[in-house]
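Following: one structure in structure tokens, then a few remarks.
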2 protein chains.
Amino acid sequence: MALFLSTFVNKVDRKGRVSVPATFRAALGAQRFPGIVAFSSFKFPALDCCGIDRMEELSIRHELLEQFSEDYENLSALFSGVHELPFDGEGRIVLPAHLAAHAGITEQAAFVGQGSMFQIWEPQRFEERRAAVLERVRRQGLKLPPLGRGTQ
Amino acid sequence: MALFLSTFVNKVDRKGRVSVPATFRAALGAQRFPGIVAFSSFKFPALDCCGIDRMEELSIRHELLEQFSEDYENLSALFSGVHELPFDGEGRIVLPAHLAAHAGITEQAAFVGQGSMFQIWEPQRFEERRAAVLERVRRQGLKLPPLGRGTQ
DNA sequence: TGGGTAATCATGGTATATCGTGGGTTCGAG
DNA sequence: CTCGAACCCACGATATACCATGATTACCCA
């Protein structure tokens with residue numbers, strides 16, 4: 001199981017290429033598709049990312065849903081917005097202009113571990129977001145579901 | 001396992017030809033019939049598409065249904081509306097006039113990944129549809145009943 | 001423990017191949 | 001004989017593969 005931790009800021013070159021942190025590449029392991037899968041976050045100015053494995057799993061679940069249901073269509077919309085970003089020989093990806101725009105990324109990209117997935121942010125925006133969340137945690141504390149009966 | 005992701009807009013030339021995105025062709029792999037299978041969507045002004053494999057699988061399931069039942073007849077109706085669209089040497093298909101009309105396609109065609117299948121839309125119409133679904137997702141959140149992917 | 005060495009990783013540039021697109025031509029059907 | 005559809009060939013743009021370099025890190029040995 002892939003586990004993405006920590007945050008790494010890398011440079012985006014003039015061709016839109018950016019190195020995926022080596023530890024993230026290692027976490028992805030050897031999958032059918034050598035690269036990452038990315039889509040605009042519905043909630044943040046950021047990109048949600050994972051390996052193709054997760055998409056295949058999602059596709060299977062998708063087919064189990066009732067056709068024409070809202071959940072089914074929502075997931076269909078997700079598939080249509082997903083981008084497959086292959087690694088080049090050096091472990092870099094090319095950020096499509098549309099995705100970079102959604103995240104406001106120009107010079108640098110922050111790779112943010114999120115456990116089973118990771119996100120890509122514009123570093124400055126992420127820092128602000130992070131500070132805000134930390135503040136909330138300080139006020140409210142951190143609640144965790146008990147172990148043993150998954151979070152599903 | 002075929003997995004169709006992302007959205008690609010290609011041009012329809014004056015002969016009615018349009019390139020199927022290379023990644024989709026790759027996802028189809030080498031099947032008995034080199035091309036795609038398309039039929040008018042029941043719900044949208046779009047075309048539902050897949051490889052011949054899926055139709056064969058559907059046919060098997062068709063046989064398992066009780067003959068003369070409504071479900072059986074519904075599926076029969078689907079088969080009768082299916083078009084086999086072979087690739088030319090460059091990976092293009094010719095959109096039959098009737099199908100193009102149903103989707104309102106003239107100049108351009110949007111190939112929309114839907115996981116195990118894909119759709120073909122008139123780009124402008126798809127954009128509107130996409131915006132509507134996205135809005136709904138933002139309001140309601142994305143529920144994946146069986147899987148539950150995090151906080152999104 | 002400290003220095004030296006080797007490996008890994010991020011980054012930059014160039015060359016090549018792929019892909020989408022357009023047009024011509026031949027074959028077959030009516 | 002005529003029309004339409006499928007096949008073949010050509011081309012430009014773009015994205016991908018390949019190669020090179022500097023810097024940092026990890027490792028090893030003294």
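Every chain in the structure tokens has a letter given in the order shown (A, B, ...), and although residue numbers restart at 1 in each chain, ligands are simply numbered from 1 in the order shown.
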Taking only stretch 15-152 of chain A into account, list the residues labelled strand (DSSP E or B) by DSSP (computed from the backbone), as a ChimeraX atom specification.
/A:17-19,35-40,47-50,83-86,92-94,108-113,115,118-121
Same-sequence overlay, chain B on chain A, C-alpha least squares, as a compact mmCIF listing (two decimals) with N, CA and C atoms, in the first residue's frame:
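So part-v2.txt came out as:
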# COMPACT_ATOMS: atom_id res chain seq x y z
N MET B 1 0.68 -1.96 -1.28
CA MET B 1 -0.21 -0.83 -0.98
C MET B 1 0.55 0.47 -0.98
N ALA B 2 0.11 1.39 -1.78
CA ALA B 2 0.79 2.68 -1.89
C ALA B 2 0.47 3.54 -0.66
N LEU B 3 1.51 4.13 -0.10
CA LEU B 3 1.32 5.02 1.04
C LEU B 3 2.16 6.28 0.83
N PHE B 4 1.48 7.41 0.73
CA PHE B 4 2.17 8.66 0.46
C PHE B 4 2.20 9.50 1.74
N LEU B 5 3.41 9.80 2.21
CA LEU B 5 3.57 10.55 3.44
C LEU B 5 4.46 11.77 3.20
N SER B 6 4.34 12.73 4.10
CA SER B 6 5.22 13.90 4.09
C SER B 6 4.92 14.87 2.94
N THR B 7 5.66 15.93 2.90
CA THR B 7 5.46 16.97 1.89
C THR B 7 6.81 17.37 1.31
N PHE B 8 6.88 17.46 0.00
CA PHE B 8 8.12 17.83 -0.68
C PHE B 8 7.85 18.97 -1.66
N VAL B 9 8.70 19.97 -1.63
CA VAL B 9 8.56 21.08 -2.55
C VAL B 9 9.66 20.99 -3.61
N ASN B 10 9.25 20.92 -4.87
CA ASN B 10 10.23 20.85 -5.95
C ASN B 10 10.01 22.00 -6.93
N LYS B 11 11.03 22.22 -7.71
CA LYS B 11 11.02 23.35 -8.62
C LYS B 11 10.39 22.97 -9.96
N VAL B 12 9.64 23.89 -10.51
CA VAL B 12 9.10 23.71 -11.85
C VAL B 12 10.02 24.46 -12.82
N ASP B 13 10.63 23.74 -13.74
CA ASP B 13 11.57 24.43 -14.64
C ASP B 13 10.81 25.13 -15.77
N ARG B 14 11.54 25.79 -16.61
CA ARG B 14 10.89 26.65 -17.61
C ARG B 14 10.15 25.85 -18.67
N LYS B 15 10.40 24.55 -18.68
CA LYS B 15 9.65 23.70 -19.62
C LYS B 15 8.38 23.14 -18.98
N GLY B 16 8.17 23.49 -17.73
CA GLY B 16 6.97 22.98 -17.04
C GLY B 16 7.20 21.63 -16.40
N ARG B 17 8.46 21.21 -16.37
CA ARG B 17 8.75 19.90 -15.76
C ARG B 17 8.96 20.03 -14.26
N VAL B 18 8.62 18.97 -13.54
CA VAL B 18 8.86 18.96 -12.10
C VAL B 18 9.09 17.52 -11.66
N SER B 19 10.09 17.33 -10.79
CA SER B 19 10.41 15.99 -10.30
C SER B 19 9.34 15.51 -9.32
N VAL B 20 8.87 14.30 -9.51
CA VAL B 20 8.04 13.66 -8.50
C VAL B 20 8.98 13.10 -7.45
N PRO B 21 8.75 13.39 -6.17
CA PRO B 21 9.67 12.92 -5.13
C PRO B 21 9.96 11.43 -5.26
N ALA B 22 11.21 11.07 -5.05
CA ALA B 22 11.63 9.68 -5.24
C ALA B 22 10.82 8.74 -4.36
N THR B 23 10.49 9.17 -3.16
CA THR B 23 9.74 8.28 -2.26
C THR B 23 8.33 8.02 -2.81
N PHE B 24 7.76 9.02 -3.46
CA PHE B 24 6.44 8.83 -4.06
C PHE B 24 6.54 7.87 -5.24
N ARG B 25 7.58 8.03 -6.02
CA ARG B 25 7.76 7.13 -7.16
C ARG B 25 7.90 5.70 -6.65
N ALA B 26 8.64 5.57 -5.56
CA ALA B 26 8.82 4.23 -4.98
C ALA B 26 7.49 3.69 -4.47
N ALA B 27 6.68 4.56 -3.87
CA ALA B 27 5.39 4.13 -3.34
C ALA B 27 4.48 3.66 -4.47
N LEU B 28 4.58 4.29 -5.61
CA LEU B 28 3.77 3.87 -6.76
C LEU B 28 4.19 2.50 -7.24
N GLY B 29 5.47 2.22 -7.13
CA GLY B 29 5.98 0.93 -7.57
C GLY B 29 5.91 0.81 -9.08
N ALA B 30 6.03 -0.39 -9.56
CA ALA B 30 6.01 -0.63 -11.00
C ALA B 30 4.59 -0.95 -11.43
N GLN B 31 3.96 0.01 -12.04
CA GLN B 31 2.59 -0.20 -12.50
C GLN B 31 2.58 -0.30 -14.02
N ARG B 32 1.42 -0.63 -14.52
CA ARG B 32 1.27 -0.77 -15.97
C ARG B 32 1.66 0.53 -16.68
N PHE B 33 1.24 1.64 -16.09
CA PHE B 33 1.57 2.95 -16.66
C PHE B 33 2.61 3.64 -15.79
N PRO B 34 3.81 3.87 -16.34
CA PRO B 34 4.88 4.50 -15.55
C PRO B 34 4.68 6.01 -15.49
N GLY B 35 4.00 6.46 -14.47
CA GLY B 35 3.72 7.87 -14.31
C GLY B 35 2.64 8.05 -13.27
N ILE B 36 2.08 9.22 -13.23
CA ILE B 36 0.99 9.47 -12.28
C ILE B 36 -0.27 9.88 -13.04
N VAL B 37 -1.34 9.91 -12.29
CA VAL B 37 -2.63 10.29 -12.82
C VAL B 37 -3.11 11.47 -11.98
N ALA B 38 -3.54 12.55 -12.62
CA ALA B 38 -3.87 13.77 -11.87
C ALA B 38 -5.16 14.39 -12.38
N PHE B 39 -5.88 15.00 -11.44
CA PHE B 39 -7.08 15.75 -11.83
C PHE B 39 -7.33 16.86 -10.82
N SER B 40 -8.04 17.85 -11.26
CA SER B 40 -8.30 18.99 -10.39
C SER B 40 -9.16 18.56 -9.21
N SER B 41 -8.73 18.98 -8.02
CA SER B 41 -9.52 18.69 -6.83
C SER B 41 -10.85 19.43 -6.92
N PHE B 42 -11.90 18.77 -6.44
CA PHE B 42 -13.23 19.39 -6.49
C PHE B 42 -13.34 20.50 -5.46
N LYS B 43 -12.54 20.39 -4.41
CA LYS B 43 -12.76 21.29 -3.27
C LYS B 43 -11.66 22.32 -3.09
N PHE B 44 -10.45 21.99 -3.56
CA PHE B 44 -9.31 22.86 -3.29
C PHE B 44 -8.62 23.30 -4.58
N PRO B 45 -7.84 24.37 -4.49
CA PRO B 45 -7.00 24.74 -5.64
C PRO B 45 -5.77 23.85 -5.66
N ALA B 46 -5.99 22.59 -5.96
CA ALA B 46 -4.91 21.61 -5.91
C ALA B 46 -5.24 20.48 -6.87
N LEU B 47 -4.25 19.60 -7.07
CA LEU B 47 -4.45 18.45 -7.94
C LEU B 47 -4.44 17.18 -7.11
N ASP B 48 -5.42 16.34 -7.33
CA ASP B 48 -5.44 15.03 -6.70
C ASP B 48 -4.70 14.06 -7.60
N CYS B 49 -3.82 13.25 -6.99
CA CYS B 49 -2.97 12.38 -7.80
C CYS B 49 -2.91 10.98 -7.21
N CYS B 50 -2.67 10.03 -8.10
CA CYS B 50 -2.50 8.63 -7.68
C CYS B 50 -1.88 7.88 -8.85
N GLY B 51 -1.78 6.59 -8.70
CA GLY B 51 -1.28 5.75 -9.78
C GLY B 51 -2.45 5.26 -10.62
N ILE B 52 -2.12 4.69 -11.75
CA ILE B 52 -3.16 4.21 -12.66
C ILE B 52 -3.96 3.08 -12.02
N ASP B 53 -3.32 2.36 -11.11
CA ASP B 53 -4.00 1.26 -10.43
C ASP B 53 -5.30 1.70 -9.79
N ARG B 54 -5.22 2.82 -9.13
CA ARG B 54 -6.38 3.32 -8.41
C ARG B 54 -7.51 3.68 -9.37
N MET B 55 -7.14 4.19 -10.51
CA MET B 55 -8.16 4.53 -11.52
C MET B 55 -8.84 3.27 -12.04
N GLU B 56 -8.05 2.24 -12.22
CA GLU B 56 -8.63 0.98 -12.70
C GLU B 56 -9.60 0.43 -11.66
N GLU B 57 -9.18 0.55 -10.41
CA GLU B 57 -10.05 0.09 -9.33
C GLU B 57 -11.34 0.91 -9.30
N LEU B 58 -11.18 2.21 -9.51
CA LEU B 58 -12.34 3.12 -9.51
C LEU B 58 -13.28 2.77 -10.66
N SER B 59 -12.67 2.38 -11.76
CA SER B 59 -13.47 2.02 -12.93
C SER B 59 -14.34 0.80 -12.65
N ILE B 60 -13.77 -0.12 -11.94
CA ILE B 60 -14.52 -1.32 -11.58
C ILE B 60 -15.72 -0.95 -10.70
N ARG B 61 -15.44 -0.08 -9.74
CA ARG B 61 -16.54 0.34 -8.86
C ARG B 61 -17.57 1.15 -9.63
N HIS B 62 -17.09 1.88 -10.62
CA HIS B 62 -17.95 2.67 -11.48
C HIS B 62 -18.99 1.77 -12.15
N GLU B 63 -18.50 0.64 -12.62
CA GLU B 63 -19.37 -0.29 -13.33
C GLU B 63 -20.46 -0.86 -12.43
N LEU B 64 -20.15 -0.86 -11.14
CA LEU B 64 -21.11 -1.45 -10.19
C LEU B 64 -22.25 -0.49 -9.88
N LEU B 65 -22.02 0.79 -10.20
CA LEU B 65 -23.09 1.77 -9.93
C LEU B 65 -24.20 1.64 -10.97
N GLU B 66 -25.35 2.07 -10.56
CA GLU B 66 -26.47 2.06 -11.50
C GLU B 66 -26.23 3.10 -12.60
N GLN B 67 -26.29 2.67 -13.82
CA GLN B 67 -26.07 3.60 -14.92
C GLN B 67 -27.12 4.70 -14.90
N PHE B 68 -26.72 5.85 -15.34
CA PHE B 68 -27.59 7.03 -15.42
C PHE B 68 -27.98 7.58 -14.05
N SER B 69 -27.46 6.95 -13.01
CA SER B 69 -27.67 7.54 -11.68
C SER B 69 -26.75 8.74 -11.52
N GLU B 70 -27.02 9.56 -10.54
CA GLU B 70 -26.17 10.74 -10.34
C GLU B 70 -24.75 10.34 -9.96
N ASP B 71 -24.65 9.35 -9.08
CA ASP B 71 -23.33 8.89 -8.67
C ASP B 71 -22.52 8.41 -9.88
N TYR B 72 -23.20 7.69 -10.73
CA TYR B 72 -22.54 7.18 -11.93
C TYR B 72 -22.01 8.34 -12.77
N GLU B 73 -22.85 9.34 -12.95
CA GLU B 73 -22.44 10.48 -13.78
C GLU B 73 -21.34 11.30 -13.12
N ASN B 74 -21.40 11.41 -11.81
CA ASN B 74 -20.36 12.14 -11.10
C ASN B 74 -19.00 11.50 -11.33
N LEU B 75 -18.98 10.20 -11.21
CA LEU B 75 -17.72 9.48 -11.39
C LEU B 75 -17.26 9.58 -12.85
N SER B 76 -18.21 9.53 -13.75
CA SER B 76 -17.89 9.71 -15.17
C SER B 76 -17.21 11.05 -15.39
N ALA B 77 -17.73 12.06 -14.73
CA ALA B 77 -17.16 13.39 -14.87
C ALA B 77 -15.73 13.41 -14.37
N LEU B 78 -15.49 12.69 -13.29
CA LEU B 78 -14.14 12.62 -12.76
C LEU B 78 -13.19 12.01 -13.81
N PHE B 79 -13.60 10.90 -14.38
CA PHE B 79 -12.75 10.23 -15.37
C PHE B 79 -12.41 11.17 -16.52
N SER B 80 -13.38 11.95 -16.92
CA SER B 80 -13.17 12.81 -18.10
C SER B 80 -12.13 13.90 -17.81
N GLY B 81 -11.92 14.21 -16.55
CA GLY B 81 -10.98 15.28 -16.21
C GLY B 81 -9.59 14.79 -15.85
N VAL B 82 -9.40 13.51 -15.88
CA VAL B 82 -8.13 12.92 -15.46
C VAL B 82 -7.06 13.05 -16.54
N HIS B 83 -5.85 13.37 -16.11
CA HIS B 83 -4.71 13.43 -17.02
C HIS B 83 -3.69 12.37 -16.65
N GLU B 84 -3.20 11.67 -17.64
CA GLU B 84 -2.10 10.73 -17.41
C GLU B 84 -0.79 11.46 -17.67
N LEU B 85 0.05 11.53 -16.65
CA LEU B 85 1.31 12.26 -16.76
C LEU B 85 2.48 11.28 -16.65
N PRO B 86 3.09 10.94 -17.77
CA PRO B 86 4.17 9.94 -17.75
C PRO B 86 5.47 10.53 -17.19
N PHE B 87 6.25 9.67 -16.57
CA PHE B 87 7.58 10.07 -16.12
C PHE B 87 8.52 10.18 -17.31
N ASP B 88 9.44 11.12 -17.24
CA ASP B 88 10.57 11.06 -18.17
C ASP B 88 11.65 10.20 -17.51
N GLY B 89 12.79 10.10 -18.14
CA GLY B 89 13.83 9.21 -17.64
C GLY B 89 14.30 9.55 -16.24
N GLU B 90 14.06 10.79 -15.80
CA GLU B 90 14.53 11.23 -14.49
C GLU B 90 13.41 11.29 -13.45
N GLY B 91 12.25 10.76 -13.79
CA GLY B 91 11.16 10.75 -12.82
C GLY B 91 10.40 12.06 -12.74
N ARG B 92 10.47 12.85 -13.80
CA ARG B 92 9.72 14.10 -13.83
C ARG B 92 8.45 13.96 -14.64
N ILE B 93 7.51 14.86 -14.37
CA ILE B 93 6.30 14.95 -15.18
C ILE B 93 6.18 16.37 -15.71
N VAL B 94 5.37 16.53 -16.71
CA VAL B 94 5.06 17.87 -17.23
C VAL B 94 3.65 18.22 -16.81
N LEU B 95 3.51 19.34 -16.12
CA LEU B 95 2.20 19.77 -15.66
C LEU B 95 1.47 20.47 -16.81
N PRO B 96 0.33 19.91 -17.23
CA PRO B 96 -0.46 20.60 -18.27
C PRO B 96 -0.87 21.98 -17.77
N ALA B 97 -0.89 22.94 -18.67
CA ALA B 97 -1.18 24.33 -18.31
C ALA B 97 -2.49 24.45 -17.55
N HIS B 98 -3.49 23.72 -17.99
CA HIS B 98 -4.80 23.83 -17.37
C HIS B 98 -4.76 23.41 -15.90
N LEU B 99 -4.05 22.32 -15.61
CA LEU B 99 -3.96 21.84 -14.24
C LEU B 99 -3.13 22.80 -13.39
N ALA B 100 -2.00 23.25 -13.95
CA ALA B 100 -1.16 24.18 -13.21
C ALA B 100 -1.94 25.44 -12.86
N ALA B 101 -2.76 25.88 -13.78
CA ALA B 101 -3.56 27.08 -13.55
C ALA B 101 -4.56 26.86 -12.42
N HIS B 102 -5.19 25.72 -12.41
CA HIS B 102 -6.17 25.43 -11.36
C HIS B 102 -5.54 25.49 -9.97
N ALA B 103 -4.29 25.07 -9.89
CA ALA B 103 -3.61 25.06 -8.59
C ALA B 103 -2.82 26.35 -8.37
N GLY B 104 -2.74 27.19 -9.37
CA GLY B 104 -1.98 28.43 -9.24
C GLY B 104 -0.48 28.19 -9.17
N ILE B 105 -0.03 27.13 -9.81
CA ILE B 105 1.39 26.75 -9.74
C ILE B 105 2.19 27.45 -10.84
N THR B 106 3.30 28.03 -10.43
CA THR B 106 4.18 28.66 -11.40
C THR B 106 5.63 28.23 -11.21
N GLU B 107 6.23 28.63 -10.09
CA GLU B 107 7.65 28.38 -9.86
C GLU B 107 7.92 27.06 -9.16
N GLN B 108 7.07 26.77 -8.16
CA GLN B 108 7.31 25.59 -7.34
C GLN B 108 6.04 24.79 -7.16
N ALA B 109 6.23 23.51 -6.87
CA ALA B 109 5.08 22.63 -6.63
C ALA B 109 5.32 21.83 -5.37
N ALA B 110 4.31 21.78 -4.51
CA ALA B 110 4.41 21.02 -3.26
C ALA B 110 3.68 19.69 -3.44
N PHE B 111 4.41 18.59 -3.25
CA PHE B 111 3.81 17.26 -3.31
C PHE B 111 3.43 16.85 -1.90
N VAL B 112 2.14 16.67 -1.69
CA VAL B 112 1.60 16.53 -0.35
C VAL B 112 1.01 15.13 -0.16
N GLY B 113 1.65 14.34 0.71
CA GLY B 113 1.16 12.99 0.98
C GLY B 113 -0.20 13.02 1.65
N GLN B 114 -1.10 12.14 1.20
CA GLN B 114 -2.46 12.08 1.74
C GLN B 114 -2.84 10.64 2.06
N GLY B 115 -1.85 9.83 2.37
CA GLY B 115 -2.14 8.43 2.63
C GLY B 115 -2.14 7.63 1.34
N SER B 116 -3.31 7.25 0.89
CA SER B 116 -3.39 6.41 -0.30
C SER B 116 -3.29 7.23 -1.59
N MET B 117 -3.34 8.56 -1.46
CA MET B 117 -3.16 9.42 -2.63
C MET B 117 -2.21 10.55 -2.25
N PHE B 118 -1.97 11.45 -3.19
CA PHE B 118 -1.25 12.67 -2.83
C PHE B 118 -1.80 13.83 -3.64
N GLN B 119 -1.45 15.03 -3.21
CA GLN B 119 -1.91 16.22 -3.90
C GLN B 119 -0.72 17.06 -4.34
N ILE B 120 -0.97 17.94 -5.31
CA ILE B 120 0.05 18.90 -5.71
C ILE B 120 -0.54 20.30 -5.52
N TRP B 121 0.19 21.11 -4.75
CA TRP B 121 -0.26 22.46 -4.40
C TRP B 121 0.78 23.49 -4.79
N GLU B 122 0.32 24.70 -4.87
CA GLU B 122 1.25 25.83 -4.90
C GLU B 122 1.70 25.95 -3.44
N PRO B 123 3.02 25.96 -3.18
CA PRO B 123 3.52 25.86 -1.80
C PRO B 123 2.91 26.86 -0.83
N GLN B 124 2.80 28.10 -1.26
CA GLN B 124 2.30 29.13 -0.37
C GLN B 124 0.84 28.86 0.02
N ARG B 125 0.05 28.51 -0.95
CA ARG B 125 -1.35 28.21 -0.68
C ARG B 125 -1.48 27.01 0.25
N PHE B 126 -0.64 26.02 0.00
CA PHE B 126 -0.73 24.85 0.87
C PHE B 126 -0.38 25.20 2.30
N GLU B 127 0.60 26.05 2.46
CA GLU B 127 1.02 26.43 3.81
C GLU B 127 -0.13 27.08 4.58
N GLU B 128 -0.86 27.92 3.88
CA GLU B 128 -2.01 28.58 4.50
C GLU B 128 -3.08 27.55 4.87
N ARG B 129 -3.34 26.70 3.95
CA ARG B 129 -4.34 25.66 4.17
C ARG B 129 -3.93 24.79 5.37
N ARG B 130 -2.66 24.43 5.39
CA ARG B 130 -2.15 23.57 6.44
C ARG B 130 -2.29 24.23 7.81
N ALA B 131 -1.95 25.51 7.86
CA ALA B 131 -2.04 26.24 9.11
C ALA B 131 -3.49 26.27 9.60
N ALA B 132 -4.42 26.43 8.69
CA ALA B 132 -5.83 26.50 9.07
C ALA B 132 -6.31 25.17 9.66
N VAL B 133 -5.95 24.08 9.00
CA VAL B 133 -6.37 22.77 9.49
C VAL B 133 -5.73 22.47 10.83
N LEU B 134 -4.45 22.84 10.95
CA LEU B 134 -3.73 22.59 12.20
C LEU B 134 -4.39 23.32 13.35
N GLU B 135 -4.80 24.52 13.08
CA GLU B 135 -5.46 25.32 14.11
C GLU B 135 -6.75 24.63 14.56
N ARG B 136 -7.47 24.12 13.59
CA ARG B 136 -8.72 23.43 13.91
C ARG B 136 -8.46 22.19 14.75
N VAL B 137 -7.43 21.46 14.36
CA VAL B 137 -7.10 20.23 15.10
C VAL B 137 -6.71 20.56 16.53
N ARG B 138 -5.95 21.63 16.69
CA ARG B 138 -5.52 22.00 18.04
C ARG B 138 -6.72 22.33 18.91
N ARG B 139 -7.72 22.97 18.32
CA ARG B 139 -8.90 23.34 19.08
C ARG B 139 -9.79 22.12 19.36
N GLN B 140 -10.01 21.33 18.32
CA GLN B 140 -11.00 20.25 18.45
C GLN B 140 -10.39 18.92 18.85
N GLY B 141 -9.09 18.81 18.66
CA GLY B 141 -8.47 17.52 18.85
C GLY B 141 -8.65 16.68 17.60
N LEU B 142 -7.90 15.59 17.55
CA LEU B 142 -7.93 14.73 16.36
C LEU B 142 -8.75 13.50 16.68
N LYS B 143 -9.87 13.39 16.05
CA LYS B 143 -10.74 12.24 16.31
C LYS B 143 -10.55 11.18 15.22
N LEU B 144 -10.30 9.99 15.66
CA LEU B 144 -10.21 8.87 14.72
C LEU B 144 -11.26 7.86 15.13
N PRO B 145 -12.47 8.06 14.73
CA PRO B 145 -13.61 7.30 15.23
C PRO B 145 -13.36 5.79 15.38
N PRO B 146 -12.88 5.12 14.34
CA PRO B 146 -12.79 3.68 14.46
C PRO B 146 -11.62 3.23 15.32
N LEU B 147 -10.54 4.04 15.31
CA LEU B 147 -9.31 3.56 15.93
C LEU B 147 -9.10 4.14 17.31
N GLY B 148 -9.24 5.44 17.43
CA GLY B 148 -9.01 6.09 18.72
C GLY B 148 -7.59 5.95 19.17
N ARG B 149 -6.76 6.89 18.70
CA ARG B 149 -5.37 6.75 19.09
C ARG B 149 -5.08 7.67 20.28
N GLY B 150 -5.19 7.09 21.46
CA GLY B 150 -4.72 7.73 22.68
C GLY B 150 -5.36 9.07 22.99
N THR B 151 -4.59 9.93 23.59
CA THR B 151 -5.13 11.13 24.20
C THR B 151 -5.03 12.36 23.32
N GLN B 152 -4.38 12.22 22.19
CA GLN B 152 -4.14 13.40 21.37
C GLN B 152 -5.42 14.07 20.96
What are the closest atom pairs, with distances in Å to one decimal, for each residue of chain C lying within 9 Å of chain B, using only C-alpha atoms (C1' of nucleotides), rows by chain and rising residue number, as a tab-separated table?
residue	atom	partner	partner_atom	distance
C:DC19	C1'	B:Ala22	CA	7.5
C:DG20	C1'	B:Ser19	CA	6.9
C:DT21	C1'	B:Asp13	CA	8.2
C:DG22	C1'	B:Asp13	CA	8.3
Straight-line distance linking atom C1' of D:DT14 with atom C1' of C:DG13, stated in Å to one decimal
16.6 Å
Rounded to one decimal in Å, what is the spacing between atom C1' of D:DA17 and atom C1' of C:DT16?
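That distance, rounded to one decimal, is 7.5 Å.
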Neighbours of C:DG30 within 12 Å (only C-alpha atoms (C1' of nucleotides); same-chain residues fewer than 3 positions away dropped), as a PDB file with C-alpha atoms (C1' of nucleotides), in the first residue's frame?
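Resulting contents of result_9.pdb:
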ATOM      1  C1'  DC D   1     -20.102   4.746 -65.629  1.00  0.00           C
ATOM      2  C1'  DT D   2     -20.536   7.357 -61.330  1.00  0.00           C
ATOM      3  C1'  DC D   3     -20.430   7.912 -56.659  1.00  0.00           C
ATOM      4  C1'  DG D   4     -18.927   6.921 -52.108  1.00  0.00           C
TER       5       DG D   4
END
Taking the chain letters and numbering used in this document, name the residues of stretch 66-133 of chain B that DSSP puts in alpha helix (DSSP H), as a list in words.
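Matching residues for alpha helix (DSSP H) in stretch 66-133 of chain B are Glu70, Asp71, Tyr72, Glu73, Asn74, Leu75, Ser76, Ala77, Leu78, Phe79, Ser80, Ala97, His98, Leu99, Ala100, Ala101, His102, Ala103, Pro123, Gln124, Arg125, Phe126, Glu127, Glu128, Arg129, Arg130, Ala131, Ala132 and Val133 of chain B.
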Test item: residues at most 9 Å from stretch 22-28 of chain D, only C-alpha atoms (C1' of nucleotides), excluding those fewer than 2 positions along its chain, as a VMD selection string:
chain C and resid 5 to 11
Do a neighbour search on C:DG24 at 12 Å with only C-alpha atoms (C1' of nucleotides), toss out local chain neighbours closer than 5 positions, and write the hits as a list in words.
DC7, DC8, DC9 and DA10 of chain D
Limited to C-alpha atoms (C1' of nucleotides), could you put the picked residues into a file as a short mmCIF file (atom, residue, chain, number, x, y, z; two decimals), in the first residue's frame?
data_model
loop_
_atom_site.label_atom_id
_atom_site.label_comp_id
_atom_site.auth_asym_id
_atom_site.auth_seq_id
_atom_site.Cartn_x
_atom_site.Cartn_y
_atom_site.Cartn_z
"C1'" DC D 7 -6.73 2.73 -48.03
"C1'" DC D 8 -2.34 4.88 -48.63
"C1'" DC D 9 0.90 8.51 -48.33
"C1'" DA D 10 2.60 13.08 -46.69
#
Can you work out the spacing between atom C1' of D:DC11 and atom C1' of C:DA17 in Å, to one decimal?
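Separation between atom C1' of D:DC11 and atom C1' of C:DA17: 13.9 Å.
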